[in-house]
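Each remark here refers to the structure printed beneath this line.
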Amino acid sequence: MNNNLLFDFTVDKAAKKVFITREFDAGLSLVWDAFTKAEILDQWVAPKPFLSKTKYQDFKVGGKRFYAMVSPEGQERWAIQQYTSINPKTNFKMFNVFADKDENPEPFGSDWYYTFSEENGKTTVRIIIYNDSLERMERMIAMGFTEGFKASMVNLENLLTSLSNK
C-alpha cells in the first residue's frame with residue numbers, strides 16, 4: 001500500500017455535502033472499471049467483515065444497480081443506485097437511496113458525482129455527495145459511513161494492486 005497517495009474526506013454539514021478526493025496507483029481504465037462494474041464493486045465496496053451483493057446492474061443513463069451490504073450475521077441493507085449521467089472514463093452521476101429487498105425506496109437519498117483523471121499512471125477520483133436532507137446525512141454518518149468508506153478505499157487500493165500485478 002502506498003501511503004503517499006492523496007486521500008481527503010471532508011463533511012460539510014451546512015451544505016449537506018461530503019467531498020472525497022482519493023488517488024490510486026493504477027491506470028484510469030482499471031479504476032473506472034472498479035467503480036462501474038458490479039463484479040469488481042462487490043469485491044471492495046463493503047467494509048470488512050461486510051460483503052456487497054449486487055442483485056443486478058445496468059450501467060447506462062437511466063439504468064440501476066440494486067445491491068445489498070450484507071452483515072456477517074446475514075442482515076441485508078439494500079440500496080438503489082440510479083445512473084443519471086455517464087461520460088466514459090471521465091465522470092458519472094447517480095442518485096443513491098436506501099430501499100427494502102423489494103426495491104421500495106426510502107423517502108430521501110443522495111446525489112453522487114464522480115470524476116476521474118489520470119496523470120503519470122496515477123488516477124484521482126473526486127466524489128461529491130449531496131444529501132436531500134441534513135437528517136439523512138447525519139444518519140449516514142451515525143451509521144458509520146465515514147469509517148466504512150475509508151475502509152472500503154483501503155479494500156479498493158489492495159484490489160487494484162492485485163489486479164495491476166496480474
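For the C-alpha cells, the naming scheme is as follows: chains receive sequential letters (A, B, ...) according to their order of presentation, residues are indexed from 1 within each chain, and ligands are indexed from 1 in presentation order.
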Each residue of range 59-141 of chain A lying at most 12 Å from range 152-162 of chain A should get a row with its shortest atom-to-atom pair and the distance in Å to one decimal, counting only C-alpha atoms; could you produce that, ordered by chain and increasing number, as JSON lines?
{"residue": "A:Lys122", "atom": "CA", "partner": "A:Leu160", "partner_atom": "CA", "distance": 11.5}
{"residue": "A:Thr123", "atom": "CA", "partner": "A:Leu160", "partner_atom": "CA", "distance": 11.2}
{"residue": "A:Val125", "atom": "CA", "partner": "A:Met153", "partner_atom": "CA", "distance": 11.0}
Write the residues of the selection above to a file with C-alpha atoms, as a PDB file, in the first residue's frame.
ATOM      1  CA  LYS A 122      -1.970   7.539 -11.030  1.00  0.00           C
ATOM      2  CA  THR A 123      -5.717   8.029 -11.123  1.00  0.00           C
ATOM      3  CA  VAL A 125     -11.190  10.067  -8.158  1.00  0.00           C
TER       4      VAL A 125
END
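Here CA of Tyr83 in chain A is placed at a distance of 14.5 Å from CA of Ile127 in chain A.
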If you count only C-alpha atoms, which residues fall within 12 Å of Ala14 in chain A, apart from same-chain ones fewer than 5 positions away, as a list in words?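 Result of the neighbour search: Tyr130, Asn131, Ser133, Leu134, Glu135, Met137 and Glu138 of chain A.
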How would the residues just chosen look if you wrote them out with N, CA and C atoms as a compact mmCIF listing (two decimals), in the first residue's frame?
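After the write, selection31.txt holds the following:
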# COMPACT_ATOMS: atom_id res chain seq x y z
N TYR A 130 -24.19 14.84 -2.37
CA TYR A 130 -25.15 15.82 -1.88
C TYR A 130 -26.36 15.08 -1.34
N ASN A 131 -26.70 15.32 -0.09
CA ASN A 131 -27.83 14.66 0.55
C ASN A 131 -29.08 15.52 0.47
N SER A 133 -31.41 15.63 2.57
CA SER A 133 -31.75 16.22 3.87
C SER A 133 -30.56 16.09 4.81
N LEU A 134 -30.45 17.06 5.70
CA LEU A 134 -29.41 17.01 6.72
C LEU A 134 -29.63 15.81 7.63
N GLU A 135 -30.89 15.50 7.90
CA GLU A 135 -31.21 14.34 8.75
C GLU A 135 -30.65 13.05 8.15
N MET A 137 -28.15 12.78 6.01
CA MET A 137 -26.70 12.85 6.05
C MET A 137 -26.19 12.50 7.45
N GLU A 138 -26.81 13.07 8.46
CA GLU A 138 -26.37 12.79 9.83
C GLU A 138 -26.61 11.32 10.20
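Put simply, CA of Ser52 in chain A is 29.1 Å away from CA of Ala15 in chain A.
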Computed interatomic separation between CA of Asp102 in chain A and CA of Ala142 in chain A (Å): 25.0 Å
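Nearest-residue note for Gly109 in chain A: choosing from A:Phe19, A:Val45, A:Arg126, A:Arg136, the minimum distance belongs to A:Arg136, counting only C-alpha atoms.
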